[in-house]
file start_28.csv (CSV, C-alpha atoms)
chain,number,residue,atom,x,y,z
A,1,MET,CA,27.2,8.7,-22.1
A,2,LYS,CA,27.1,5.0,-22.7
A,3,LYS,CA,27.9,4.4,-19.1
A,4,SER,CA,25.0,6.5,-17.8
A,5,GLN,CA,22.7,4.6,-20.2
A,6,THR,CA,23.9,1.3,-18.7
A,7,VAL,CA,23.1,2.7,-15.2
A,8,THR,CA,19.6,3.9,-16.0
A,9,LYS,CA,18.9,0.6,-17.9
A,10,ALA,CA,19.9,-1.4,-14.8
A,11,MET,CA,17.8,0.8,-12.5
A,12,GLU,CA,14.9,0.3,-14.9
A,13,ALA,CA,15.2,-3.4,-14.7
A,14,VAL,CA,15.6,-3.5,-10.9
A,15,SER,CA,12.5,-1.2,-10.4
A,16,ALA,CA,10.5,-3.4,-12.7
A,17,ALA,CA,11.2,-6.5,-10.7
A,18,LYS,CA,10.6,-4.6,-7.4
A,19,MET,CA,7.4,-3.3,-8.7
A,20,ARG,CA,6.0,-6.7,-9.6
A,21,LYS,CA,6.9,-7.9,-6.1
A,22,ALA,CA,5.2,-5.0,-4.4
A,23,GLN,CA,2.1,-5.6,-6.5
A,24,GLN,CA,2.0,-9.2,-5.5
A,25,THR,CA,2.4,-8.3,-1.8
A,26,ALA,CA,-0.4,-5.8,-2.1
A,27,LEU,CA,-2.8,-8.4,-3.5
A,28,ARG,CA,-2.1,-10.8,-0.7
A,29,GLY,CA,-3.8,-8.5,1.7
A,30,ARG,CA,-7.0,-8.5,-0.3
A,31,ALA,CA,-8.7,-11.5,1.4
A,32,TYR,CA,-8.0,-10.1,4.8
A,33,ALA,CA,-9.3,-6.6,3.9
A,34,ARG,CA,-12.4,-8.0,2.2
A,35,ALA,CA,-13.4,-10.2,5.2
A,36,ALA,CA,-12.7,-7.4,7.6
A,37,ALA,CA,-14.9,-4.9,5.7
A,38,SER,CA,-17.7,-7.3,5.2
A,39,VAL,CA,-17.7,-8.1,9.0
A,40,LEU,CA,-17.8,-4.4,9.7
A,41,SER,CA,-20.7,-3.7,7.3
A,42,ARG,CA,-22.8,-6.3,9.2
A,43,VAL,CA,-22.0,-5.3,12.8
A,44,SER,CA,-24.3,-2.6,13.9
A,45,GLY,CA,-23.5,0.0,16.5
A,46,ALA,CA,-20.1,0.5,15.0
A,47,GLU,CA,-20.9,4.3,14.9
A,48,GLU,CA,-20.8,4.5,18.7
A,49,HIS,CA,-17.3,3.0,18.9
A,50,PRO,CA,-14.7,5.5,20.2
A,51,LEU,CA,-12.5,5.0,17.1
A,52,MET,CA,-15.4,6.0,14.8
A,53,GLN,CA,-16.4,9.2,16.7
A,54,SER,CA,-15.9,12.2,14.5
A,55,ARG,CA,-15.4,15.6,16.1
A,56,PRO,CA,-14.4,19.1,14.9
A,57,VAL,CA,-10.8,18.9,13.8
A,58,ALA,CA,-8.5,21.3,15.7
A,59,LYS,CA,-5.5,19.0,15.8
A,60,ALA,CA,-4.5,16.5,13.2
A,61,ILE,CA,-1.9,13.9,12.5
A,62,TYR,CA,-0.8,13.4,8.9
A,63,VAL,CA,1.1,10.3,8.0
A,64,VAL,CA,2.9,11.2,4.8
A,65,ILE,CA,4.5,8.4,2.9
A,66,THR,CA,7.2,9.2,0.3
A,67,SER,CA,10.4,7.5,-0.9
A,68,ASP,CA,13.8,8.0,0.6
A,69,LYS,CA,15.5,8.4,-2.8
A,70,GLY,CA,14.7,10.6,-5.7
A,71,LEU,CA,15.0,9.7,-9.4
A,72,ALA,CA,11.3,8.8,-9.5
A,73,GLY,CA,9.8,11.6,-11.6
A,74,GLY,CA,7.3,13.8,-9.9
A,75,LEU,CA,6.1,11.1,-7.5
A,76,ASN,CA,7.2,12.6,-4.2
A,77,SER,CA,6.4,16.2,-4.9
A,78,SER,CA,2.8,15.4,-5.9
A,79,VAL,CA,2.2,13.5,-2.7
A,80,LEU,CA,3.7,16.4,-0.7
A,81,ARG,CA,1.6,19.0,-2.5
A,82,ALA,CA,-1.6,16.9,-2.0
A,83,ALA,CA,-1.0,16.6,1.7
A,84,HIS,CA,-0.2,20.2,2.1
A,85,ALA,CA,-3.3,21.3,0.1
A,86,HIS,CA,-5.4,19.0,2.2
A,87,MET,CA,-4.2,20.7,5.4
A,88,THR,CA,-4.7,24.2,3.9
A,89,GLU,CA,-8.3,23.3,2.9
A,90,ARG,CA,-9.1,22.3,6.5
A,91,GLY,CA,-7.5,25.5,7.8
A,92,LEU,CA,-4.8,23.6,9.6
A,93,THR,CA,-1.6,25.4,10.4
A,94,PRO,CA,1.9,24.0,11.1
A,95,GLN,CA,1.1,24.5,14.8
A,96,SER,CA,-1.9,22.2,14.8
A,97,VAL,CA,-0.5,19.4,12.7
A,98,GLU,CA,1.9,16.7,13.5
A,99,VAL,CA,3.5,15.1,10.5
A,100,VAL,CA,4.6,11.5,10.7
A,101,ALA,CA,7.1,11.4,7.9
A,102,LEU,CA,7.7,8.0,6.4
A,103,GLY,CA,10.4,8.7,3.9
A,104,LYS,CA,13.2,11.3,3.8
A,105,LYS,CA,11.4,13.5,1.2
A,106,ALA,CA,8.4,14.1,3.5
A,107,GLU,CA,10.7,14.9,6.4
A,108,ASP,CA,12.7,17.5,4.4
A,109,TYR,CA,9.6,19.1,3.0
A,110,PHE,CA,7.5,19.5,6.2
A,111,GLY,CA,10.5,20.0,8.4
A,112,LYS,CA,11.5,23.1,6.3
A,113,ARG,CA,8.0,24.5,6.7
A,114,GLY,CA,7.9,24.4,10.5
A,115,PHE,CA,5.8,21.3,11.1
A,116,SER,CA,6.6,19.1,14.0
A,117,ILE,CA,7.9,15.8,12.7
A,118,SER,CA,8.0,12.3,14.0
A,119,LYS,CA,9.3,9.4,12.1
A,120,ALA,CA,7.6,6.2,13.2
A,121,ALA,CA,3.9,5.2,13.2
A,122,ASN,CA,2.0,2.2,14.0
A,123,ALA,CA,-1.7,1.8,13.8
A,124,ALA,CA,-2.2,0.8,17.4
A,125,ASP,CA,-0.4,4.0,18.7
A,126,LEU,CA,-2.3,6.2,16.3
A,127,ALA,CA,-5.6,4.6,17.5
A,128,GLU,CA,-4.7,5.2,21.1
A,129,ARG,CA,-3.7,8.8,20.5
A,130,PHE,CA,-6.9,9.4,18.6
A,131,ALA,CA,-9.0,7.8,21.3
A,132,ALA,CA,-7.2,9.9,24.0
A,133,GLY,CA,-8.0,13.1,22.2
A,134,GLU,CA,-4.5,14.0,21.3
A,135,ALA,CA,-5.6,14.4,17.7
A,136,ASP,CA,-9.1,14.9,16.3
A,137,ALA,CA,-8.3,13.2,13.0
A,138,VAL,CA,-5.6,11.1,11.5
A,139,PHE,CA,-4.9,11.2,7.7
A,140,VAL,CA,-2.6,9.2,5.5
A,141,ALA,CA,-1.2,10.7,2.4
A,142,TYR,CA,0.4,8.4,-0.2
A,143,GLN,CA,0.7,7.6,-3.9
A,144,ASN,CA,-2.0,5.3,-5.0
A,145,PHE,CA,-1.0,2.8,-7.6
A,146,VAL,CA,-3.5,2.8,-10.4
A,147,SER,CA,-1.4,1.1,-13.1
A,148,THR,CA,2.3,1.0,-14.1
A,149,PHE,CA,2.0,4.4,-15.9
A,150,GLU,CA,-0.5,6.0,-13.6
A,151,GLN,CA,-0.2,6.8,-9.9
A,152,ARG,CA,-2.4,9.2,-8.1
A,153,PRO,CA,-1.6,11.1,-4.9
A,154,THR,CA,-4.2,10.2,-2.3
A,155,VAL,CA,-5.1,11.5,1.1
A,156,ARG,CA,-7.2,9.0,3.2
A,157,GLN,CA,-8.8,9.4,6.5
A,158,MET,CA,-7.6,6.8,9.0
A,159,PHE,CA,-9.3,8.0,12.1
A,160,PRO,CA,-12.2,8.5,12.8
A,161,LEU,CA,-12.8,5.2,10.8
A,162,THR,CA,-15.7,5.2,8.5
A,163,THR,CA,-17.3,2.3,6.8
A,164,GLN,CA,-17.3,4.0,3.3
A,165,GLU,CA,-13.6,4.8,3.7
A,166,LEU,CA,-12.9,1.1,4.5
A,167,VAL,CA,-14.9,-0.2,1.6
A,168,ARG,CA,-13.0,2.2,-0.7
A,169,VAL,CA,-9.7,0.9,0.6
A,170,VAL,CA,-10.7,-2.7,-0.1
A,171,GLU,CA,-11.8,-1.8,-3.6
A,172,ASP,CA,-8.5,0.1,-4.1
A,173,ILE,CA,-6.4,-3.0,-3.3
A,174,VAL,CA,-7.1,-4.4,-6.7
A,175,PRO,CA,-5.6,-2.1,-9.4
A,176,ALA,CA,-8.0,-0.8,-12.0
A,177,ARG,CA,-6.1,-2.0,-15.0
A,178,GLY,CA,-3.2,-4.3,-15.9
A,179,LEU,CA,-1.9,-7.7,-14.9
A,180,PHE,CA,-3.5,-7.8,-11.5
A,181,ALA,CA,-6.8,-6.2,-12.3
A,182,GLN,CA,-9.8,-8.1,-11.0
A,183,THR,CA,-13.2,-7.1,-9.8
A,184,ASP,CA,-14.1,-8.1,-6.3
A,185,THR,CA,-17.1,-6.6,-4.5
A,186,VAL,CA,-17.6,-6.5,-0.8
A,187,SER,CA,-20.7,-8.6,-0.1
A,188,ALA,CA,-21.9,-10.4,3.0
A,189,PRO,CA,-24.8,-12.5,4.2
A,190,ALA,CA,-27.7,-10.5,5.5
A,191,SER,CA,-27.4,-11.6,9.0
A,192,TYR,CA,-24.8,-13.1,11.2
A,193,THR,CA,-24.8,-14.7,14.6
A,194,ILE,CA,-22.4,-12.5,16.6
A,195,GLU,CA,-20.4,-13.9,19.6
A,196,PRO,CA,-19.8,-12.8,22.2
A,197,GLY,CA,-21.2,-9.3,21.4
A,198,GLU,CA,-20.9,-6.5,18.8
A,199,SER,CA,-18.8,-4.2,20.9
A,200,GLU,CA,-16.3,-7.0,21.6
A,201,VAL,CA,-16.0,-7.8,18.0
A,202,LEU,CA,-15.5,-4.1,17.2
A,203,ASP,CA,-12.8,-3.8,19.8
A,204,VAL,CA,-10.8,-6.5,18.0
A,205,LEU,CA,-11.7,-5.6,14.5
A,206,LEU,CA,-11.3,-1.8,14.3
A,207,PRO,CA,-7.7,-1.6,15.2
A,208,ARG,CA,-7.0,-4.3,12.6
A,209,LEU,CA,-8.9,-2.3,10.0
A,210,ALA,CA,-6.8,0.7,10.8
A,211,GLN,CA,-3.7,-1.4,10.3
A,212,ILE,CA,-5.0,-2.5,6.9
A,213,ILE,CA,-5.3,1.2,5.8
A,214,LEU,CA,-1.8,2.0,6.9
A,215,HIS,CA,-0.3,-1.2,5.6
A,216,HIS,CA,-2.0,-0.8,2.3
A,217,ALA,CA,-0.9,2.8,1.9
A,218,LEU,CA,2.7,1.7,2.4
A,219,LEU,CA,2.4,-1.0,-0.2
A,220,GLU,CA,0.7,1.3,-2.7
A,221,SER,CA,3.5,3.8,-2.2
A,222,GLN,CA,6.1,1.2,-2.7
A,223,ALA,CA,4.6,-0.1,-5.9
A,224,SER,CA,4.1,3.5,-7.1
A,225,GLU,CA,7.7,4.4,-6.3
A,226,HIS,CA,9.1,1.5,-8.2
A,227,SER,CA,6.9,1.9,-11.2
A,228,ALA,CA,7.5,5.6,-11.4
A,229,ARG,CA,11.2,5.1,-11.2
A,230,MET,CA,11.0,2.4,-13.8
A,231,VAL,CA,9.2,4.8,-16.1
A,232,ALA,CA,11.6,7.6,-15.3
A,233,MET,CA,14.6,5.4,-15.9
A,234,LYS,CA,13.1,4.1,-19.1
A,235,SER,CA,12.8,7.6,-20.5
A,236,ALA,CA,16.2,8.4,-19.2
A,237,SER,CA,17.6,5.4,-21.0
A,238,ASP,CA,15.8,6.4,-24.2
A,239,LYS,CA,17.0,9.9,-23.9
A,240,ALA,CA,20.6,8.7,-23.3
A,241,GLY,CA,20.3,6.5,-26.4
A,242,GLU,CA,19.2,9.5,-28.5
A,243,LYS,CA,21.9,11.7,-27.1
A,244,GLN,CA,24.4,9.1,-27.8
A,245,GLU,CA,23.4,8.8,-31.5
A,246,GLU,CA,23.6,12.6,-31.8
A,247,LEU,CA,27.0,12.7,-30.2
A,248,THR,CA,28.4,9.8,-32.3
A,249,LEU,CA,27.2,11.7,-35.4
A,250,SER,CA,28.8,15.0,-34.4
A,251,PHE,CA,32.0,13.1,-33.4
A,252,ASN,CA,32.2,11.4,-36.8
A,253,LYS,CA,31.5,14.7,-38.5
A,254,ALA,CA,34.3,16.4,-36.6
A,255,ARG,CA,36.7,13.5,-37.3
A,256,GLN,CA,35.8,13.6,-41.0
A,257,ALA,CA,36.4,17.4,-41.1
A,258,ALA,CA,39.8,17.0,-39.4
A,259,ILE,CA,40.8,14.3,-41.9
A,260,THR,CA,39.7,16.4,-44.9
A,261,ARG,CA,41.6,19.4,-43.6
A,262,GLU,CA,44.8,17.3,-43.1
A,263,VAL,CA,44.5,15.8,-46.5
A,264,SER,CA,44.0,19.2,-48.2
A,265,GLU,CA,47.0,20.6,-46.2
A,266,ILE,CA,49.2,17.8,-47.5
A,267,ILE,CA,48.0,18.2,-51.0
A,268,GLY,CA,48.5,22.0,-50.7
A,269,GLY,CA,52.1,21.4,-49.5
A,270,MET,CA,52.9,19.0,-52.3
A,271,GLU,CA,51.6,21.5,-54.9
A,272,ALA,CA,53.8,24.2,-53.4
A,273,ILE,CA,56.9,22.0,-53.7
A,274,ALA,CA,56.1,20.9,-57.2
B,1,MET,CA,-15.6,-25.0,2.0
B,2,HIS,CA,-13.1,-22.3,1.3
B,3,VAL,CA,-10.9,-21.4,4.2
B,4,VAL,CA,-8.7,-18.3,4.5
B,5,ILE,CA,-6.4,-17.7,7.5
B,6,ALA,CA,-4.7,-14.3,7.0
B,7,LYS,CA,-2.6,-11.7,8.7
B,8,VAL,CA,-2.5,-8.2,7.4
B,9,ASP,CA,0.7,-8.8,5.5
B,10,GLU,CA,0.6,-12.5,4.9
B,11,VAL,CA,-1.9,-15.3,4.0
B,12,LEU,CA,-1.1,-18.3,6.2
B,13,PHE,CA,-3.6,-20.7,4.6
B,14,GLU,CA,-6.0,-20.4,1.7
B,15,GLY,CA,-7.8,-23.3,0.0
B,16,GLU,CA,-10.5,-25.9,0.2
B,17,ALA,CA,-10.8,-27.7,3.5
B,18,TYR,CA,-13.1,-30.1,5.3
B,19,SER,CA,-13.2,-28.4,8.7
B,20,LEU,CA,-11.8,-25.6,10.7
B,21,THR,CA,-11.4,-25.6,14.5
B,22,VAL,CA,-10.7,-22.4,16.4
B,23,PRO,CA,-10.7,-21.2,20.0
B,24,GLY,CA,-13.9,-19.1,19.8
B,25,ALA,CA,-15.0,-16.6,22.4
B,26,GLU,CA,-17.5,-19.1,23.8
B,27,GLY,CA,-15.1,-22.1,23.7
B,28,GLU,CA,-13.5,-24.2,21.0
B,29,MET,CA,-15.6,-24.6,18.0
B,30,THR,CA,-15.5,-26.5,14.7
B,31,VAL,CA,-16.9,-25.2,11.5
B,32,LEU,CA,-17.9,-27.5,8.6
B,33,GLY,CA,-19.3,-26.6,5.2
B,34,HIS,CA,-22.7,-24.8,5.1
B,35,HIS,CA,-22.5,-23.4,8.6
B,36,GLU,CA,-24.8,-20.6,9.4
B,37,PRO,CA,-23.2,-17.1,9.1
B,38,LEU,CA,-21.3,-16.3,12.2
B,39,ILE,CA,-18.9,-13.7,13.5
B,40,THR,CA,-16.9,-14.4,16.7
B,41,THR,CA,-13.8,-13.1,18.4
B,42,LEU,CA,-11.0,-15.6,18.9
B,43,LYS,CA,-9.0,-16.3,22.0
B,44,PRO,CA,-5.2,-17.1,21.9
B,45,GLY,CA,-4.7,-20.8,21.0
B,46,GLU,CA,-4.5,-23.0,18.0
B,47,ALA,CA,-6.5,-23.0,14.7
B,48,ARG,CA,-6.6,-26.4,13.1
B,49,VAL,CA,-7.6,-27.1,9.5
B,50,HIS,CA,-8.5,-30.6,8.2
B,51,LEU,CA,-8.2,-30.8,4.4
B,52,VAL,CA,-10.2,-34.1,4.5
B,53,ALA,CA,-12.0,-35.8,7.3
B,54,GLY,CA,-9.6,-37.6,9.6
B,55,ASP,CA,-6.3,-36.4,8.2
B,56,ALA,CA,-3.5,-34.8,10.3
B,57,PRO,CA,-4.6,-31.2,10.7
B,58,LYS,CA,-2.6,-28.1,9.7
B,59,VAL,CA,-2.0,-26.2,12.9
B,60,PHE,CA,-1.6,-22.4,13.3
B,61,SER,CA,-1.0,-20.8,16.6
B,62,ILE,CA,-3.0,-17.6,17.0
B,63,GLU,CA,-3.1,-14.7,19.4
B,64,GLY,CA,-6.6,-13.6,19.0
B,65,GLY,CA,-8.6,-12.3,16.0
B,66,VAL,CA,-11.9,-12.5,14.4
B,67,LEU,CA,-13.6,-15.5,12.6
B,68,GLU,CA,-16.2,-14.8,9.9
B,69,VAL,CA,-18.2,-17.8,8.7
B,70,ARG,CA,-20.3,-17.5,5.5
B,71,SER,CA,-22.3,-20.3,3.8
B,72,ASP,CA,-19.5,-20.9,1.3
B,73,GLY,CA,-16.5,-20.6,3.6
B,74,ALA,CA,-14.7,-19.2,6.6
B,75,THR,CA,-12.1,-16.4,7.1
B,76,VAL,CA,-9.9,-16.0,10.1
B,77,ILE,CA,-8.4,-12.6,10.5
B,78,LEU,CA,-5.5,-12.5,12.9
call {"tool": "encode", "arguments": {"input": "start_28.csv", "output": "structure tokens"}}
result
Amino acid sequence: MKKSQTVTKAMEAVSAAKMRKAQQTALRGRAYARAAASVLSRVSGAEEHPLMQSRPVAKAIYVVITSDKGLAGGLNSSVLRAAHAHMTERGLTPQSVEVVALGKKAEDYFGKRGFSISKAANAADLAERFAAGEADAVFVAYQNFVSTFEQRPTVRQMFPLTTQELVRVVEDIVPARGLFAQTDTVSAPASYTIEPGESEVLDVLLPRLAQIILHHALLESQASEHSARMVAMKSASDKAGEKQEELTLSFNKARQAAITREVSEIIGGMEAIA
Amino acid sequence: MHVVIAKVDEVLFEGEAYSLTVPGAEGEMTVLGHHEPLITTLKPGEARVHLVAGDAPKVFSIEGGVLEVRSDGATVIL
């Protein structure tokens, strides 16, 4: 019992350190995302860009991000449930969905339910496949990091890109509470000179924005995984501590009972002889 | 002026600078403080940042991207 407590304690400490690192990495992307979103909000004609065309969704790609390992509370199952519910809401069947499973748990879950699975995704490929009509929408399901004790399963639309969605992602990059909380609004000058032209800027910018969404989702999931594991391990350590006290108590009681019995046997024997 | 040069997963430079020189779509250009708002695509080449006028610049090689200039600073997204 003491041993398992040592293990959970160690996992708790490791997760705490990893979580802090993941949070810091996530924040580094903020300047980038803010600039990209403010540029986008000032470039008109974005709606006509092929990556922003929405159409009825018959085929979709879901990028589902989970962890490879368990021991992180209900983290993975809530993401999987959210992604699955999102598909059901849109009337998508396993035949019309391709799941890009980042993480073993997603692979297991959707593999078992008859979805076609692929294991690697990059934003540029997804953009190409969307533009080519292989999929009518691309979604990303991940665990959003709100604070150390609160993570929320989130499903985001990656393609078609929308301005609101991007602004939301940028705002999400800063956690609502805790050490790294900060308010940062997306603002921009009223007018820009644009060179060489709006469509050229969009061609460069939109794939990068898609990359931000994916990258950010990965970081959020990581931070969430580590903090969920930290919390899970903390309660496991506490529970182990409690259990250990209980066990020590019953061990001592049992030992005491054995001693008492022996003593009374000896006394009984002496009396019989006397 | 506040200059940020960033990739998706990494900030290459962030801080106060005197000037920023980048290979813009219409040729190489230098941005000083209080420049008019501008958005331009970038060609492959070098971005140079001078912290003060006349010092040895910090050089970053880039493979294209977007430059956003606001009255208070400039951001390069690679």
call {"tool": "residues_around", "arguments": {"input": "start_28.csv", "residues": "Leu38 (chain B)", "least_positions_apart": "4", "cutoff": "9 Å", "atoms": "all atoms listed in the file", "output": "short mmCIF file (atom, residue, chain, number, x, y, z; two decimals) with C-alpha atoms, in the coordinates of the input"}}
result
data_model
loop_
_atom_site.label_atom_id
_atom_site.label_comp_id
_atom_site.auth_asym_id
_atom_site.auth_seq_id
_atom_site.Cartn_x
_atom_site.Cartn_y
_atom_site.Cartn_z
CA SER A 191 -27.40 -11.60 9.00
CA TYR A 192 -24.80 -13.10 11.20
CA THR A 193 -24.80 -14.70 14.60
CA ILE A 194 -22.40 -12.50 16.60
CA GLU A 195 -20.40 -13.90 19.60
CA LEU B 67 -13.60 -15.50 12.60
CA GLU B 68 -16.20 -14.80 9.90
CA VAL B 69 -18.20 -17.80 8.70
CA ARG B 70 -20.30 -17.50 5.50
#
call {"tool": "residues_around", "arguments": {"input": "start_28.csv", "residues": "Tyr32 (chain A)", "least_positions_apart": "5", "cutoff": "10 Å", "atoms": "all atoms listed in the file", "output": "ChimeraX atom specification"}}
result
/A:27,37,170,208-209,212 /B:4-11,75-78
call {"tool": "closest_residue", "arguments": {"input": "start_28.csv", "among": "A:Leu247, A:Ala210, A:Val231, A:Met87", "to": "Gln151 (chain A)", "atoms": "all atoms listed in the file"}}
result
A:Val231
call {"tool": "closest_residue", "arguments": {"input": "start_28.csv", "among": "A:Ala132, A:Ala274, A:Leu202, A:Met52", "to": "Gln157 (chain A)", "atoms": "only C-alpha atoms"}}
result
A:Met52
call {"tool": "interface_residues", "arguments": {"input": "start_28.csv", "of": "chain A", "to": "chain B", "cutoff": "12 Å", "atoms": "all atoms listed in the file", "output": "ChimeraX atom specification"}}
result
/A:22,24-43,123,187-216,218-219
call {"tool": "write_last_selection", "arguments": {"input": "start_28.csv", "atoms": "C-alpha atoms", "output": "CSV table (one decimal), in the coordinates of the input"}}
result
chain,number,residue,atom,x,y,z
A,22,ALA,CA,5.2,-5.0,-4.4
A,24,GLN,CA,2.0,-9.2,-5.5
A,25,THR,CA,2.4,-8.3,-1.8
A,26,ALA,CA,-0.4,-5.8,-2.1
A,27,LEU,CA,-2.8,-8.4,-3.5
A,28,ARG,CA,-2.1,-10.8,-0.7
A,29,GLY,CA,-3.8,-8.5,1.7
A,30,ARG,CA,-7.0,-8.5,-0.3
A,31,ALA,CA,-8.7,-11.5,1.4
A,32,TYR,CA,-8.0,-10.1,4.8
A,33,ALA,CA,-9.3,-6.6,3.9
A,34,ARG,CA,-12.4,-8.0,2.2
A,35,ALA,CA,-13.4,-10.2,5.2
A,36,ALA,CA,-12.7,-7.4,7.6
A,37,ALA,CA,-14.9,-4.9,5.7
A,38,SER,CA,-17.7,-7.3,5.2
A,39,VAL,CA,-17.7,-8.1,9.0
A,40,LEU,CA,-17.8,-4.4,9.7
A,41,SER,CA,-20.7,-3.7,7.3
A,42,ARG,CA,-22.8,-6.3,9.2
A,43,VAL,CA,-22.0,-5.3,12.8
A,123,ALA,CA,-1.7,1.8,13.8
A,187,SER,CA,-20.7,-8.6,-0.1
A,188,ALA,CA,-21.9,-10.4,3.0
A,189,PRO,CA,-24.8,-12.5,4.2
A,190,ALA,CA,-27.7,-10.5,5.5
A,191,SER,CA,-27.4,-11.6,9.0
A,192,TYR,CA,-24.8,-13.1,11.2
A,193,THR,CA,-24.8,-14.7,14.6
A,194,ILE,CA,-22.4,-12.5,16.6
A,195,GLU,CA,-20.4,-13.9,19.6
A,196,PRO,CA,-19.8,-12.8,22.2
A,197,GLY,CA,-21.2,-9.3,21.4
A,198,GLU,CA,-20.9,-6.5,18.8
A,199,SER,CA,-18.8,-4.2,20.9
A,200,GLU,CA,-16.3,-7.0,21.6
A,201,VAL,CA,-16.0,-7.8,18.0
A,202,LEU,CA,-15.5,-4.1,17.2
A,203,ASP,CA,-12.8,-3.8,19.8
A,204,VAL,CA,-10.8,-6.5,18.0
A,205,LEU,CA,-11.7,-5.6,14.5
A,206,LEU,CA,-11.3,-1.8,14.3
A,207,PRO,CA,-7.7,-1.6,15.2
A,208,ARG,CA,-7.0,-4.3,12.6
A,209,LEU,CA,-8.9,-2.3,10.0
A,210,ALA,CA,-6.8,0.7,10.8
A,211,GLN,CA,-3.7,-1.4,10.3
A,212,ILE,CA,-5.0,-2.5,6.9
A,213,ILE,CA,-5.3,1.2,5.8
A,214,LEU,CA,-1.8,2.0,6.9
A,215,HIS,CA,-0.3,-1.2,5.6
A,216,HIS,CA,-2.0,-0.8,2.3
A,218,LEU,CA,2.7,1.7,2.4
A,219,LEU,CA,2.4,-1.0,-0.2
call {"tool": "atom_distance", "arguments": {"input": "start_28.csv", "atom1": "CA of Ala228 (chain A)", "atom2": "CA of Gln244 (chain A)"}}
result
23.8 Å
call {"tool": "atom_distance", "arguments": {"input": "start_28.csv", "atom1": "CA of Val99 (chain A)", "atom2": "CA of Ile117 (chain A)"}}
result
5.0 Å
call {"tool": "residues_around", "arguments": {"input": "start_28.csv", "residues": "Ala53 (chain B)", "least_positions_apart": "3", "cutoff": "12 Å", "atoms": "only C-alpha atoms", "output": "NGL selection string"}}
result
:B and (17-20 or 32-33 or 49-50 or 56-57)
call {"tool": "residues_around", "arguments": {"input": "start_28.csv", "residues": "Asp72 (chain B)", "least_positions_apart": "3", "cutoff": "8 Å", "atoms": "all atoms listed in the file", "output": "PyMOL selection string"}}
result
chain B and resi 1-2+33-34
call {"tool": "atom_distance", "arguments": {"input": "start_28.csv", "atom1": "CA of Arg81 (chain A)", "atom2": "CA of Ile65 (chain A)"}}
result
12.2 Å
call {"tool": "closest_residue", "arguments": {"input": "start_28.csv", "among": "A:Arg156, A:Lys234, A:Arg55, A:Lys104", "to": "Ala16 (chain A)", "atoms": "all atoms listed in the file"}}
result
A:Lys234
call {"tool": "closest_residue", "arguments": {"input": "start_28.csv", "among": "B:Val3, B:Val22, B:Gly73, B:Lys58", "to": "Glu46 (chain B)", "atoms": "all atoms listed in the file"}}
result
B:Val22
call {"tool": "closest_residue", "arguments": {"input": "start_28.csv", "among": "B:Ala47, B:Glu63, B:Val52, B:Phe13", "to": "Thr30 (chain B)", "atoms": "only C-alpha atoms"}}
result
B:Ala47
call {"tool": "residues_around", "arguments": {"input": "start_28.csv", "residues": "Val138 (chain A)", "least_positions_apart": "4", "cutoff": "12 Å", "atoms": "only C-alpha atoms", "output": "ChimeraX atom specification"}}
result
/A:51-52,54-55,57-64,87,97-100,121-123,125-131,133-134,155-161,210,213-214
call {"tool": "closest_residue", "arguments": {"input": "start_28.csv", "among": "A:Pro94, A:Gly74, A:Gly111, A:Gly103", "to": "Glu150 (chain A)", "atoms": "all atoms listed in the file"}}
result
A:Gly74
